[in-house]
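This report concerns only the one structure given below.
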Amino acid sequence: MNESPAGEREARHRRLREAMAAHSLDGLFLYAAGWRREYVRYVTGARLGASFALVFLPLSGDPVALVASEEDRRAVEETGWVTDVRPLRPLRLDLPRGLRRVGVAHLELMPEAILAQIEEALPGVELTSATSLVDAVQRVKSPWELEQVRRAARVCEAGWEAFVRALAPGVPEYAVVAAVEHELKRLGAEDNFMLIASGGREVMGMTPPGERRLQVGDLVRTELTPQVNGYWCQICRTAVLGEPDPAQRRSSELFLEALEAGLAAVRAGVTADEVARAENDVFRRHGYGEYCTSRYTRVRGHGHGLHPDETPSIVEGDRTVLEEGSVVIVHPNTYTPLAGYHVLGDPVVVTAGGFEPLLATERKLFQVAP
Amino acid sequence: MKRGLVVLEEWAPAELRTRIETLQGRLAEQGVEAAAIYGDVHRSGDITYLTNLCIYWNEGLLLVPARGEPTFVTRLSARVHPWMRATSIVTDLRSGPDLAGLVRERLGDPGPGSLGIVERSWWPAPLLRSLAAALPGWQLRDLGPLVRSARLRPSPRELGLLRESATIAGRAWRVGAVPGLGVTERAARVERAARERGVEDVLVRASDSWLEVTTEYRGYWAAVAGGLGARPDPAPLAAAEARLRPGVSRRDLERDGVSLLHHVDLETAGDHRPDEDRDAPLEEGVVVALSAGRPGERVTHTYLVTAGGPERLTETGEGA
């Protein structure tokens with residue numbers, strides 16, 4: 001269901017068209033692969049389920065949606081954001097004449113079977129990737145979008161509480177995930193991206209769950225990321241089963257300091273690099289700088305929205321400027337020899353003077369009595 | 001999304017190696033140096049079938065040389081390699097943003113040859129183009145649904161996993177089909193019931209009056225759906241079930257709103273199945289899902305096709 005206010009569709013299409021004009025594009029294809037539907041959802045407002053979908057947005061005139069299933073046709077028609085809905089197979093485009101340069105968002109994922117038909121339908125037209133163009137448009141959220149992210153944040157908090165309730169000696173990792181999934185779905189989540197890791201200092205990263213059963217003394221880490229009404233929001237926290245040992249306490253203090261340093265750097269106008277550097281400087285100051293490298297960690301945060309891992313990546317070297325109204329999670333997650341992999345992260349809305357925190361969950365090492 | 005239990009069963013490595021060897025035999029017959037199979041978090045059944053790898057996020061491709069060990073190249077970080085080695089039979093794992101470059105590095109410099117591309121139509125076109133650029137002089141030959149074809153008829157071990165997947169789907173359906181539940185509570189109960197039984201993935205669609213559950217257990221998919229309350233199976237489904245025998249084709253069965261999906265196509269609801277699948281006669285021993293009715297109301301069950309008739313693998317009790 002799409003409950004967006006009047007004007008949301010027009011605002012999105014207008015922003016995309018402004019970006020198209022700025023990049024000399026006469027038209028824009030937005031492609032949805034089964035695991036990357038965010039661009040098509042942005043322009044249609046519809047929750048789709050098939051493995052492929054495509055929207056053509058001309059610089060002026062009505063957009064066309066091409067869908068692969070009856071369910072997806074209904075979903076697009078229900079929102080009414082795009083009224084010309086056609087089957088994807090066979091592809092009948094009937095595009096406006098005179099197109100010279102057309103962008104393709106998610107060109108990198110478009111199957112040969114679809115791209116070949118587009119190229120055949122557009123002889124002589126230059127096709128170019130518009131993935132980063134659409135990413136940039138989607139980074140800044142409308143007030144309605146931010147409301148959806150806040151809703152997802154409430155579900156995040158509840159998911160973490162369910163995670164903590166499920167922790168007990170002898171419980172296998174996958175049962176913890178089952179308990180969290182129950183709570184997230186009960187609260188209306190469409191989907192969830194979740195990783196987990198339990199154990200001690202030997203834990204080097206996060207993965208899907210295994211059969212390992214929790215033991216007293218374990219750190220149990222998770223990043224869980226429910227999707228509510230299209231919008232994803234992530235929480236990263238770590239719990240200890242029993243009393244934390246001194247190294248676990250020290251690890252918790254280190255990650256809290258790094259998270260708070262990263263958050264203190266967040267405000268509109270700073271770069272992703274500056275936020276990452278603020279986090280990493282804490283590790284460097286304490287002698288753990290080597291654990292901020294790609295050998296031990298991926299990113300120090302990232303964007304959120306209709307995709308759980310939007311741009312920018314919060315990493316040193318990424319000069320993307322954070323804009324007011326964008327949403328990022330700051331998470332200095334990494335391995336250190338103190339207590340193994342540790343996660344702690346909070347999503348925030350970027351504001352002119354700093355940030356709006358999205359979670360009320362305490363930033364601490366949670367303790368669970370065995 | 002794939003966030004349930006991922007394990008490599010004790011018996012699996014021997015059978016998986018046999019599958020790789022069988023594929024390698026086909027590659028030698030076809031005169032290709034290696035086969036490349038693309039997968040992502042949405043669709044990775046062929047790669048899971050050959051290796052037990054779970055692509056829980058992002059994308060990658062499996063390179064199976066006509067002789068030697070397979071290699072998985074992925075955009076996932078190298079930090080997940082230890083977990084992938086622990087849960088699959090692949091030991092050669094390579095990570096980086098340039099998948100084509102990783103393939104070139106793996107193939108070394110044996111001179112121009114022929115690289116088989118499994119289901120070329122569904123590969124991202126830019127990836128194919130970068131492969132062609134990375135392997136000058138090489139022929140990229142479409143092998144079609146070579147792996148899918150091998151998966152259609154399950155081995156006895158696979159049939160056991162399909163039965164378990166169907167049992168879990170049926171049980172989860174019954175847990176969620178309790179009258180009076182709200183839609184979200186219904187979906188929540190299904191998720192918990194299925195994931196506690198160790199599924200890797202479960203897809204749930206629910207309304208006030210209907211429920212569909214599709215489970216993936218150890219890489220094997222089963223589906224069940226139906227209306228809530230005591231309703232008989234719709235006549236078209238019963239009629240199709242009566243005709244479900246070795247030798248019939250989808251075209252024979254798909255009438256009056258009935259649709260058929262092989263178990264290997266449940267992952268993506270048939271979006272990737274080849275056109276020729278419509279006329280291919282069903283073999284004895286295949287596992288399929290039959291559905292009847294309109295979207296949001298349909299009744300679905302999973303069956304083993306035998307010479308004596310279909311064996312229904314999903315049980316819902318009263319209701320569907």
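Letters for chains follow the order of the structure tokens (A, B, ...), residue numbers begin at 1 for each chain, and ligand numbers begin at 1 in the order shown.
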Next on the checklist: Using only C-alpha atoms, which protein or nucleic acid residues come within 10 Å of Pro244 (chain A)? Drop anything in the same chain fewer than 3 positions from it, and give the result as a ChimeraX atom specification.
Outcome noted: /A:216-219,239-241,247-250,252,365-368
**OP:** Using only C-alpha atoms, select each residue of chain B with any atom at most 6 Å away from an atom of chain A, and give the selection as number ranges by chain.
**Re:** B: 3, 5-6, 42, 121-126, 184-185, 188, 191-192, 195-196
Please write the residues from the selection above to a file, keeping N, CA and C atoms, as a compact mmCIF listing (two decimals), in the first residue's frame.
```txt
# COMPACT_ATOMS: atom_id res chain seq x y z
N ARG B 3 18.45 -15.14 5.13
CA ARG B 3 19.04 -14.82 6.43
C ARG B 3 18.75 -15.94 7.42
N LEU B 5 19.25 -20.29 8.35
CA LEU B 5 20.38 -21.19 8.61
C LEU B 5 21.08 -21.60 7.32
N VAL B 6 22.40 -21.48 7.33
CA VAL B 6 23.22 -21.97 6.22
C VAL B 6 24.22 -22.96 6.79
N HIS B 42 19.14 -12.65 -5.21
CA HIS B 42 17.78 -12.97 -5.61
C HIS B 42 17.70 -14.35 -6.27
N SER B 121 21.34 -15.14 -21.53
CA SER B 121 20.31 -14.10 -21.64
C SER B 121 20.10 -13.34 -20.34
N TRP B 122 20.30 -14.04 -19.22
CA TRP B 122 19.99 -13.40 -17.93
C TRP B 122 21.21 -12.77 -17.28
N TRP B 123 22.34 -12.87 -17.92
CA TRP B 123 23.54 -12.22 -17.37
C TRP B 123 23.44 -10.71 -17.56
N PRO B 124 23.93 -9.93 -16.60
CA PRO B 124 24.02 -8.49 -16.83
C PRO B 124 24.87 -8.22 -18.08
N ALA B 125 24.28 -7.47 -19.01
CA ALA B 125 24.97 -7.24 -20.29
C ALA B 125 26.34 -6.58 -20.10
N PRO B 126 26.45 -5.58 -19.23
CA PRO B 126 27.78 -4.97 -19.06
C PRO B 126 28.83 -5.94 -18.55
N THR B 184 -0.33 -9.21 9.55
CA THR B 184 1.08 -9.17 9.98
C THR B 184 1.37 -10.27 10.99
N GLU B 185 0.44 -10.55 11.87
CA GLU B 185 0.64 -11.63 12.85
C GLU B 185 0.71 -12.97 12.13
N ALA B 188 4.08 -13.18 10.60
CA ALA B 188 5.09 -13.33 11.66
C ALA B 188 5.16 -14.78 12.13
N GLU B 191 6.92 -16.93 9.51
CA GLU B 191 8.37 -16.69 9.53
C GLU B 191 9.03 -17.49 10.65
N ARG B 192 8.46 -17.37 11.83
CA ARG B 192 9.09 -18.01 12.98
C ARG B 192 9.06 -19.53 12.84
N ARG B 195 11.59 -20.57 10.05
CA ARG B 195 13.01 -20.32 10.36
C ARG B 195 13.50 -21.15 11.53
N GLU B 196 12.61 -21.43 12.48
CA GLU B 196 13.01 -22.30 13.60
C GLU B 196 13.29 -23.72 13.12
```
List the neighbours of Gly247 (chain B) out to 10 Å using only C-alpha atoms; skip same-chain residues closer than 5 positions along the sequence, and give me the result as a PyMOL selection string.
chain B and resi 252+280-284+307
Once you have the residues from the selection above, write them out as a PDB file, in the first residue's frame, restricted to C-alpha atoms.
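And here is the file that came out, result_2.pdb:
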```
ATOM      1  CA  ASP B 252      -1.041 -29.861 -21.352  1.00  0.00           C
ATOM      2  CA  ALA B 280       8.993 -30.282 -22.495  1.00  0.00           C
ATOM      3  CA  PRO B 281       7.408 -33.492 -21.179  1.00  0.00           C
ATOM      4  CA  LEU B 282       7.698 -33.982 -17.432  1.00  0.00           C
ATOM      5  CA  GLU B 283      10.013 -36.777 -16.400  1.00  0.00           C
ATOM      6  CA  GLU B 284       9.234 -39.289 -13.726  1.00  0.00           C
ATOM      7  CA  ALA B 307       4.455 -43.143 -12.912  1.00  0.00           C
TER       8      ALA B 307
END
```
Checklist entry - DSSP on the backbone: what in region 243-303 of chain A comes out helix (DSSP H, G or I), as a VMD selection string? => result chain A and resid 246 to 265 272 to 285 289 to 292
Check your understanding: Which polymer residues have any atom within 7 Å of an atom of region 255-261 of chain A, counting only C-alpha atoms, with same-chain residues fewer than 5 positions away left out, as a VMD selection string?
Key -> chain A and resid 278 to 279 282 330 to 332 344 to 345 363
Taking C-alpha atoms for each residue, export the selection above as a PDB file, in the first residue's frame.
```
ATOM      1  CA  ALA A 278      36.563  11.020  12.757  1.00  0.00           C
ATOM      2  CA  GLU A 279      35.649   7.409  13.561  1.00  0.00           C
ATOM      3  CA  VAL A 282      39.644   7.172  17.596  1.00  0.00           C
ATOM      4  CA  VAL A 330      27.383   5.682  11.278  1.00  0.00           C
ATOM      5  CA  HIS A 331      28.884   2.366  12.353  1.00  0.00           C
ATOM      6  CA  PRO A 332      32.563   1.883  13.201  1.00  0.00           C
ATOM      7  CA  LEU A 344      27.691  -0.431  17.218  1.00  0.00           C
ATOM      8  CA  GLY A 345      25.870   1.886  14.861  1.00  0.00           C
ATOM      9  CA  ARG A 363      24.403   2.971  22.767  1.00  0.00           C
TER      10      ARG A 363
END
```
- Distance query Leu16 (chain B) at most 9 Å, only C-alpha atoms, self and fewer than 2 positions along chain excluded, as a list in words: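 That gives Ala12, Pro13, Ala14, Thr18, Arg19, Ile20, Glu21, Tyr49, Leu50, Thr51, Asn52 and Ile89 of chain B.
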Print the selection's residues with N, CA, C and O atoms to a file, as a PDB file, in the first residue's frame.
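And here's result38.pdb as it stands now:
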```
ATOM      1  N   ALA B  12      27.183 -33.839   2.184  1.00  0.00           N
ATOM      2  CA  ALA B  12      27.074 -32.995   0.991  1.00  0.00           C
ATOM      3  C   ALA B  12      28.341 -32.934   0.135  1.00  0.00           C
ATOM      4  O   ALA B  12      28.243 -32.990  -1.102  1.00  0.00           O
ATOM      5  N   PRO B  13      29.546 -32.786   0.712  1.00  0.00           N
ATOM      6  CA  PRO B  13      30.718 -32.587  -0.154  1.00  0.00           C
ATOM      7  C   PRO B  13      30.861 -33.657  -1.228  1.00  0.00           C
ATOM      8  O   PRO B  13      31.132 -33.338  -2.395  1.00  0.00           O
ATOM      9  N   ALA B  14      30.642 -34.926  -0.871  1.00  0.00           N
ATOM     10  CA  ALA B  14      30.824 -35.994  -1.874  1.00  0.00           C
ATOM     11  C   ALA B  14      29.822 -35.832  -3.011  1.00  0.00           C
ATOM     12  O   ALA B  14      30.176 -35.931  -4.196  1.00  0.00           O
ATOM     13  N   THR B  18      30.448 -34.741  -7.063  1.00  0.00           N
ATOM     14  CA  THR B  18      29.920 -35.532  -8.184  1.00  0.00           C
ATOM     15  C   THR B  18      29.174 -34.622  -9.164  1.00  0.00           C
ATOM     16  O   THR B  18      29.274 -34.782 -10.387  1.00  0.00           O
ATOM     17  N   ARG B  19      28.408 -33.679  -8.633  1.00  0.00           N
ATOM     18  CA  ARG B  19      27.687 -32.749  -9.516  1.00  0.00           C
ATOM     19  C   ARG B  19      28.667 -31.919 -10.354  1.00  0.00           C
ATOM     20  O   ARG B  19      28.458 -31.700 -11.541  1.00  0.00           O
ATOM     21  N   ILE B  20      29.741 -31.468  -9.702  1.00  0.00           N
ATOM     22  CA  ILE B  20      30.752 -30.684 -10.429  1.00  0.00           C
ATOM     23  C   ILE B  20      31.378 -31.553 -11.525  1.00  0.00           C
ATOM     24  O   ILE B  20      31.541 -31.118 -12.672  1.00  0.00           O
ATOM     25  N   GLU B  21      31.693 -32.786 -11.164  1.00  0.00           N
ATOM     26  CA  GLU B  21      32.326 -33.684 -12.152  1.00  0.00           C
ATOM     27  C   GLU B  21      31.390 -33.972 -13.324  1.00  0.00           C
ATOM     28  O   GLU B  21      31.812 -34.044 -14.474  1.00  0.00           O
ATOM     29  N   TYR B  49      23.360 -25.326  -5.967  1.00  0.00           N
ATOM     30  CA  TYR B  49      23.269 -26.751  -6.344  1.00  0.00           C
ATOM     31  C   TYR B  49      24.655 -27.364  -6.526  1.00  0.00           C
ATOM     32  O   TYR B  49      24.909 -28.501  -6.127  1.00  0.00           O
ATOM     33  N   LEU B  50      25.558 -26.600  -7.100  1.00  0.00           N
ATOM     34  CA  LEU B  50      26.884 -27.150  -7.396  1.00  0.00           C
ATOM     35  C   LEU B  50      27.854 -27.077  -6.224  1.00  0.00           C
ATOM     36  O   LEU B  50      28.805 -27.862  -6.159  1.00  0.00           O
ATOM     37  N   THR B  51      27.619 -26.129  -5.323  1.00  0.00           N
ATOM     38  CA  THR B  51      28.661 -25.852  -4.315  1.00  0.00           C
ATOM     39  C   THR B  51      28.170 -25.702  -2.884  1.00  0.00           C
ATOM     40  O   THR B  51      28.965 -25.692  -1.962  1.00  0.00           O
ATOM     41  N   ASN B  52      26.868 -25.485  -2.708  1.00  0.00           N
ATOM     42  CA  ASN B  52      26.248 -25.111  -1.426  1.00  0.00           C
ATOM     43  C   ASN B  52      26.574 -23.667  -1.024  1.00  0.00           C
ATOM     44  O   ASN B  52      26.255 -23.246   0.094  1.00  0.00           O
ATOM     45  N   ILE B  89      31.802 -26.202  -0.841  1.00  0.00           N
ATOM     46  CA  ILE B  89      32.969 -27.009  -1.229  1.00  0.00           C
ATOM     47  C   ILE B  89      33.977 -26.190  -2.022  1.00  0.00           C
ATOM     48  O   ILE B  89      34.944 -26.733  -2.549  1.00  0.00           O
TER      49      ILE B  89
END
```
Write out as JSON, numbers by chain the residues lying within 8 Å of Leu161 (chain B), counting only C-alpha atoms and excluding same-chain residues fewer than 4 positions away.
{"B": [157, 165, 217, 218, 220]}
Please write the residues from the selection above to a file, keeping N, CA and C atoms, as a short mmCIF file (atom, residue, chain, number, x, y, z; two decimals), in the first residue's frame.
```
data_model
loop_
_atom_site.label_atom_id
_atom_site.label_comp_id
_atom_site.auth_asym_id
_atom_site.auth_seq_id
_atom_site.Cartn_x
_atom_site.Cartn_y
_atom_site.Cartn_z
N ARG B 157 18.89 -38.08 -2.41
CA ARG B 157 19.24 -37.17 -1.31
C ARG B 157 18.49 -35.83 -1.49
N SER B 165 11.58 -29.65 2.93
CA SER B 165 11.16 -28.28 2.63
C SER B 165 9.63 -28.20 2.54
N TYR B 217 14.91 -24.82 1.83
CA TYR B 217 15.59 -25.60 2.86
C TYR B 217 16.81 -26.27 2.24
N ARG B 218 17.98 -25.89 2.69
CA ARG B 218 19.25 -26.42 2.14
C ARG B 218 19.30 -26.23 0.62
N TYR B 220 16.61 -26.09 -1.40
CA TYR B 220 15.51 -26.77 -2.09
C TYR B 220 14.17 -26.11 -1.74
#
```
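If you measure from each of B:Asp40, B:Asp256, B:Glu267, B:Glu158 to Glu200 (chain B) using only C-alpha atoms, the closest one turns out to be B:Glu267.
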Residue nearest Gly269 (chain A) among A:Ala6, A:Val220, A:Ala352, A:Val203 (counting only C-alpha atoms):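 Result for the nearest residue to Gly269 (chain A): A:Ala352.
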Practice problem: Write down as JSON, numbers by chain the residues belonging to region 165-368 of chain A that are assigned strand (DSSP E) by DSSP computed on the backbone. | Solution: {"A": [191, 192, 193, 194, 195, 196, 197, 198, 199, 219, 220, 221, 222, 223, 224, 225, 226, 227, 228, 231, 232, 235, 236, 237, 238, 239, 240, 241, 301, 302, 303, 310, 311, 312, 313, 327, 328, 329, 330, 334, 335, 336, 340, 341, 342, 346, 347, 348, 349, 350, 355, 356, 357, 366, 367, 368]}
Between B:Arg273, B:Arg294, B:His301, B:Lys2, smallest distance to Arg148 (chain B) by only C-alpha atoms belongs to B:Arg273
One decimal place gives the CA of Gly317 (chain B)-CA of Met1 (chain B) separation as 27.6 Å
Q | Long-range neighbours of Arg277 (chain A) as a list of chain:residue names, 9 Å cut-off, only C-alpha atoms, 5 positions minimum in chain | A | A:Gly262, A:Ala272, A:Val282, A:Val315, A:Glu316
Could you check the closest approach to Pro312 (chain A) for each of A:Arg14, A:Arg201, A:Arg139, A:Arg267 and tell me which residue wins, using only C-alpha atoms?
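Among the listed residues, A:Arg139 lies closest to Pro312 (chain A).
Taking CA of Leu63 (chain B) and CA of Trp83 (chain B) as endpoints, the distance between them is 19.1 Å.
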